[in-house]
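Shown next, in structure tokens, is the structure this report addresses.
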Amino acid sequence: QVQLEESGGDSVQAGGSLRLSCIGSGYINNRTCVGWFRQAPGKAREGLAALYTGGDSTYYAGSVKGRFTISQDNAKNTVYLQMNSLKPEDTAMYYCAARRSGVNDCGISRYEYTYWGQGTQVTVSS
């Protein structure tokens with residue numbers, strides 16, 4: 001069974017940076033799509049970024065491209081989300097998600113992911 005645990009959420013001021021971590025267990029390292037999502041109160045869960053653990057390709061939502069970077073450390077079973085130039089509208093609960101995949105067809109639709117972590121809160125003040 002796949003288990004995911006996020007960490008790194010915090011309260012920061014606008015313009016600051018955070019790095020979120022998603023530690024996974026129980027999945028095949030080089031055949032997994034891993035994505036980062038966020039959900040603000042009263043809003044739908046939004047896909048931010050994704051990668052395929054067996055390759056180098058990454059995918060981003062337009063709203064975060066250029067500010068957020070997804071990366072992986074397979075030796076640590078960890079996927080990161082580096083967030084720079086944070087804005088108050090980035091305030092949300094952030095989740096990582098995963099699904100097994102034999103091919104690199106990863107995307108940022110929440111409907112394609114099977115396993116989810118519990119989330120980590122990010123609060124950005126102006």
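Chain identifiers are assigned as A, B, and so on, following the order in which chains appear in the structure tokens; residues are numbered from 1 within each chain, and ligands are numbered from 1 in order of appearance.
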Determine, counting only C-alpha atoms, which protein, DNA and RNA residues have an atom within 6 Å of an atom of A:Val34; residues of the same chain fewer than 2 positions away are not included. Present the result as an mmCIF file with N, CA, C and O atoms, in the first residue's frame.
```cif
data_model
loop_
_atom_site.group_PDB
_atom_site.id
_atom_site.type_symbol
_atom_site.label_atom_id
_atom_site.label_comp_id
_atom_site.auth_asym_id
_atom_site.auth_seq_id
_atom_site.Cartn_x
_atom_site.Cartn_y
_atom_site.Cartn_z
ATOM 1 N N ALA A 50 3.623 18.159 -11.306
ATOM 2 C CA ALA A 50 3.726 16.705 -11.274
ATOM 3 C C ALA A 50 5.011 16.265 -11.946
ATOM 4 O O ALA A 50 5.589 16.994 -12.755
ATOM 5 N N LEU A 51 5.454 15.068 -11.579
ATOM 6 C CA LEU A 51 6.595 14.476 -12.248
ATOM 7 C C LEU A 51 6.448 12.963 -12.265
ATOM 8 O O LEU A 51 5.633 12.386 -11.541
ATOM 9 N N ALA A 97 0.208 13.638 -4.001
ATOM 10 C CA ALA A 97 -0.575 12.491 -4.423
ATOM 11 C C ALA A 97 0.263 11.645 -5.366
ATOM 12 O O ALA A 97 1.206 12.136 -5.987
ATOM 13 N N ALA A 98 -0.111 10.384 -5.483
ATOM 14 C CA ALA A 98 0.668 9.484 -6.320
ATOM 15 C C ALA A 98 -0.232 8.440 -6.974
ATOM 16 O O ALA A 98 -1.335 8.153 -6.495
#
```
Which parts of chain A does DSSP call strand (DSSP E) when run on the backbone here, written out as JSON, numbers by chain?
{"A": [3, 4, 5, 6, 7, 11, 12, 13, 18, 19, 20, 21, 22, 23, 24, 25, 32, 33, 34, 35, 36, 37, 38, 39, 46, 47, 48, 49, 50, 51, 52, 58, 59, 60, 68, 69, 70, 71, 72, 73, 78, 79, 80, 81, 82, 83, 92, 93, 94, 95, 96, 97, 98, 99, 100, 115, 116, 120, 121, 122, 123, 124, 125]}
List the spatial neighbours of A:Val64 as a PyMOL selection string - criterion: any atom at most 12 Å away, only C-alpha atoms, same-chain residues fewer than 3 positions off excluded.
chain A and resi 36-38+46-50+59-61+67-70+81-87+89-90
From the options A:Ser126, A:Gln72, A:Thr91, A:Ser101, which residue's atoms come nearest to A:Asp10, counting only C-alpha atoms?
A:Thr91
A:Asn30 surroundings by only C-alpha atoms, 9 Å radius, close-in-sequence under 2 positions cut, as an MDAnalysis selection string
chainID A and resid 27:28 32:33 52:55 74 102
Store the residues of this selection in a file with N, CA, C and O atoms, as a PDB file, in the first residue's frame.
```pdb
ATOM      1  N   TYR A  27       5.596   2.362  -2.988  1.00  0.00           N
ATOM      2  CA  TYR A  27       5.407   2.437  -4.432  1.00  0.00           C
ATOM      3  C   TYR A  27       6.726   2.150  -5.146  1.00  0.00           C
ATOM      4  O   TYR A  27       7.788   2.210  -4.579  1.00  0.00           O
ATOM      5  N   ILE A  28       6.593   1.791  -6.420  1.00  0.00           N
ATOM      6  CA  ILE A  28       7.762   1.492  -7.227  1.00  0.00           C
ATOM      7  C   ILE A  28       8.405   2.798  -7.652  1.00  0.00           C
ATOM      8  O   ILE A  28       7.794   3.607  -8.326  1.00  0.00           O
ATOM      9  N   THR A  32       6.096   5.791 -11.069  1.00  0.00           N
ATOM     10  CA  THR A  32       5.067   6.469 -10.282  1.00  0.00           C
ATOM     11  C   THR A  32       4.930   7.925 -10.715  1.00  0.00           C
ATOM     12  O   THR A  32       5.932   8.603 -10.935  1.00  0.00           O
ATOM     13  N   CYS A  33       3.708   8.363 -10.863  1.00  0.00           N
ATOM     14  CA  CYS A  33       3.429   9.788 -11.032  1.00  0.00           C
ATOM     15  C   CYS A  33       3.212  10.373  -9.637  1.00  0.00           C
ATOM     16  O   CYS A  33       2.459   9.805  -8.838  1.00  0.00           O
ATOM     17  N   TYR A  52       7.254  12.349 -13.133  1.00  0.00           N
ATOM     18  CA  TYR A  52       7.316  10.899 -13.242  1.00  0.00           C
ATOM     19  C   TYR A  52       8.624  10.457 -12.611  1.00  0.00           C
ATOM     20  O   TYR A  52       9.690  10.937 -12.999  1.00  0.00           O
ATOM     21  N   THR A  53       8.548   9.568 -11.638  1.00  0.00           N
ATOM     22  CA  THR A  53       9.759   9.197 -10.907  1.00  0.00           C
ATOM     23  C   THR A  53      10.767   8.470 -11.782  1.00  0.00           C
ATOM     24  O   THR A  53      11.932   8.382 -11.421  1.00  0.00           O
ATOM     25  N   GLY A  54      10.306   7.965 -12.931  1.00  0.00           N
ATOM     26  CA  GLY A  54      11.223   7.265 -13.821  1.00  0.00           C
ATOM     27  C   GLY A  54      11.810   8.129 -14.916  1.00  0.00           C
ATOM     28  O   GLY A  54      12.447   7.602 -15.832  1.00  0.00           O
ATOM     29  N   GLY A  55      11.601   9.453 -14.835  1.00  0.00           N
ATOM     30  CA  GLY A  55      12.112  10.321 -15.885  1.00  0.00           C
ATOM     31  C   GLY A  55      12.414  11.705 -15.378  1.00  0.00           C
ATOM     32  O   GLY A  55      12.401  11.952 -14.168  1.00  0.00           O
ATOM     33  N   ASN A  74      15.151  10.176  -5.447  1.00  0.00           N
ATOM     34  CA  ASN A  74      14.689   8.782  -5.398  1.00  0.00           C
ATOM     35  C   ASN A  74      15.353   7.995  -4.275  1.00  0.00           C
ATOM     36  O   ASN A  74      14.747   7.078  -3.719  1.00  0.00           O
ATOM     37  N   GLY A 102       3.019   2.796 -15.695  1.00  0.00           N
ATOM     38  CA  GLY A 102       4.110   2.197 -16.453  1.00  0.00           C
ATOM     39  C   GLY A 102       4.695   3.120 -17.492  1.00  0.00           C
ATOM     40  O   GLY A 102       5.773   2.846 -18.037  1.00  0.00           O
TER      41      GLY A 102
END
```
Can you tell me how far atom CA of A:Gly62 sits from atom CA of A:Pro88, in Å to one decimal?
17.1 Å
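Between atom CA of A:Met93 and atom CA of A:Trp116 lies a distance of 12.6 Å.
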If you count only C-alpha atoms, which residues fall within 10 Å of A:Asp73, apart from same-chain ones fewer than 3 positions away, as a ChimeraX atom specification?
/A:23,29,53,76-80
Could you jot down the atom CA of A:Ala14 to atom CA of A:Val122 separation for me, Å, one decimal place?
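Separating atom CA of A:Ala14 from atom CA of A:Val122 is a distance of 11.6 Å.
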Between A:Ala92, A:Cys22, A:Leu4, A:Ala40, which one has atoms that come closest to A:Val124, using only C-alpha atoms?
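Of all the options, A:Ala92 lies closest to A:Val124.
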For A:Gly117, list every protein, DNA or RNA residue within 8 Å, evaluated using only C-alpha atoms, and leave out those in the same chain fewer than 4 positions away; present the list as number ranges by chain.
A: 3-6, 95-97
Which of chain A counts as helix (DSSP H, G or I) under DSSP, as a ChimeraX atom specification please?
/A:74-76,88-90,110-112
Same residues, all heavy atoms, output as a short mmCIF file (atom, residue, chain, number, x, y, z; two decimals), in the first residue's frame:
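In the end it all went to selection_1.cif:
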```cif
data_model
loop_
_atom_site.label_atom_id
_atom_site.label_comp_id
_atom_site.auth_asym_id
_atom_site.auth_seq_id
_atom_site.Cartn_x
_atom_site.Cartn_y
_atom_site.Cartn_z
N ASN A 74 15.15 10.18 -5.45
CA ASN A 74 14.69 8.78 -5.40
C ASN A 74 15.35 8.00 -4.28
O ASN A 74 14.75 7.08 -3.72
CB ASN A 74 14.94 8.11 -6.74
CG ASN A 74 13.88 8.48 -7.77
OD1 ASN A 74 12.84 9.02 -7.42
ND2 ASN A 74 14.16 8.22 -9.03
N ALA A 75 16.56 8.35 -3.94
CA ALA A 75 17.25 7.64 -2.87
C ALA A 75 16.53 7.83 -1.54
O ALA A 75 16.61 6.97 -0.65
CB ALA A 75 18.69 8.11 -2.76
N LYS A 76 15.82 8.94 -1.41
CA LYS A 76 15.08 9.23 -0.18
C LYS A 76 13.59 9.03 -0.33
O LYS A 76 12.83 9.35 0.58
CB LYS A 76 15.36 10.67 0.26
CG LYS A 76 16.81 10.94 0.61
CD LYS A 76 17.00 12.38 1.06
CE LYS A 76 18.45 12.66 1.43
NZ LYS A 76 18.66 14.06 1.88
N PRO A 88 -0.11 35.98 -0.92
CA PRO A 88 -1.21 35.62 -0.01
C PRO A 88 -2.18 34.63 -0.65
O PRO A 88 -2.73 33.77 0.06
CB PRO A 88 -1.87 36.97 0.26
CG PRO A 88 -0.75 37.96 0.15
CD PRO A 88 0.10 37.43 -0.97
N GLU A 89 -2.39 34.72 -1.95
CA GLU A 89 -3.31 33.79 -2.60
C GLU A 89 -2.76 32.36 -2.70
O GLU A 89 -3.46 31.46 -3.13
CB GLU A 89 -3.69 34.29 -4.00
CG GLU A 89 -2.53 34.68 -4.87
CD GLU A 89 -2.24 36.17 -4.84
OE1 GLU A 89 -2.26 36.76 -3.74
OE2 GLU A 89 -1.99 36.74 -5.92
N ASP A 90 -1.50 32.16 -2.31
CA ASP A 90 -0.96 30.80 -2.24
C ASP A 90 -1.35 30.10 -0.93
O ASP A 90 -1.05 28.92 -0.75
CB ASP A 90 0.57 30.83 -2.35
CG ASP A 90 1.05 31.29 -3.71
OD1 ASP A 90 0.46 30.85 -4.73
OD2 ASP A 90 2.01 32.07 -3.76
N ARG A 110 -6.63 16.18 -10.45
CA ARG A 110 -6.77 15.45 -9.18
C ARG A 110 -7.45 14.10 -9.38
O ARG A 110 -7.30 13.20 -8.57
CB ARG A 110 -7.53 16.29 -8.16
CG ARG A 110 -8.98 16.58 -8.51
CD ARG A 110 -9.56 17.54 -7.49
NE ARG A 110 -10.99 17.76 -7.65
CZ ARG A 110 -11.51 18.70 -8.40
NH1 ARG A 110 -10.73 19.49 -9.10
NH2 ARG A 110 -12.83 18.86 -8.46
N TYR A 111 -8.18 13.96 -10.45
CA TYR A 111 -8.96 12.74 -10.67
C TYR A 111 -8.07 11.56 -11.07
O TYR A 111 -8.51 10.41 -10.99
CB TYR A 111 -10.02 12.98 -11.73
CG TYR A 111 -11.00 14.06 -11.36
CD1 TYR A 111 -11.00 15.29 -12.01
CD2 TYR A 111 -11.91 13.87 -10.31
CE1 TYR A 111 -11.88 16.29 -11.65
CE2 TYR A 111 -12.79 14.87 -9.96
CZ TYR A 111 -12.77 16.08 -10.63
OH TYR A 111 -13.64 17.06 -10.28
N GLU A 112 -6.86 11.82 -11.50
CA GLU A 112 -6.03 10.73 -11.97
C GLU A 112 -5.20 10.10 -10.85
O GLU A 112 -4.55 9.09 -11.07
CB GLU A 112 -5.11 11.19 -13.10
CG GLU A 112 -4.01 12.14 -12.70
CD GLU A 112 -3.10 12.53 -13.86
OE1 GLU A 112 -3.49 13.37 -14.67
OE2 GLU A 112 -1.98 11.99 -13.93
#
```
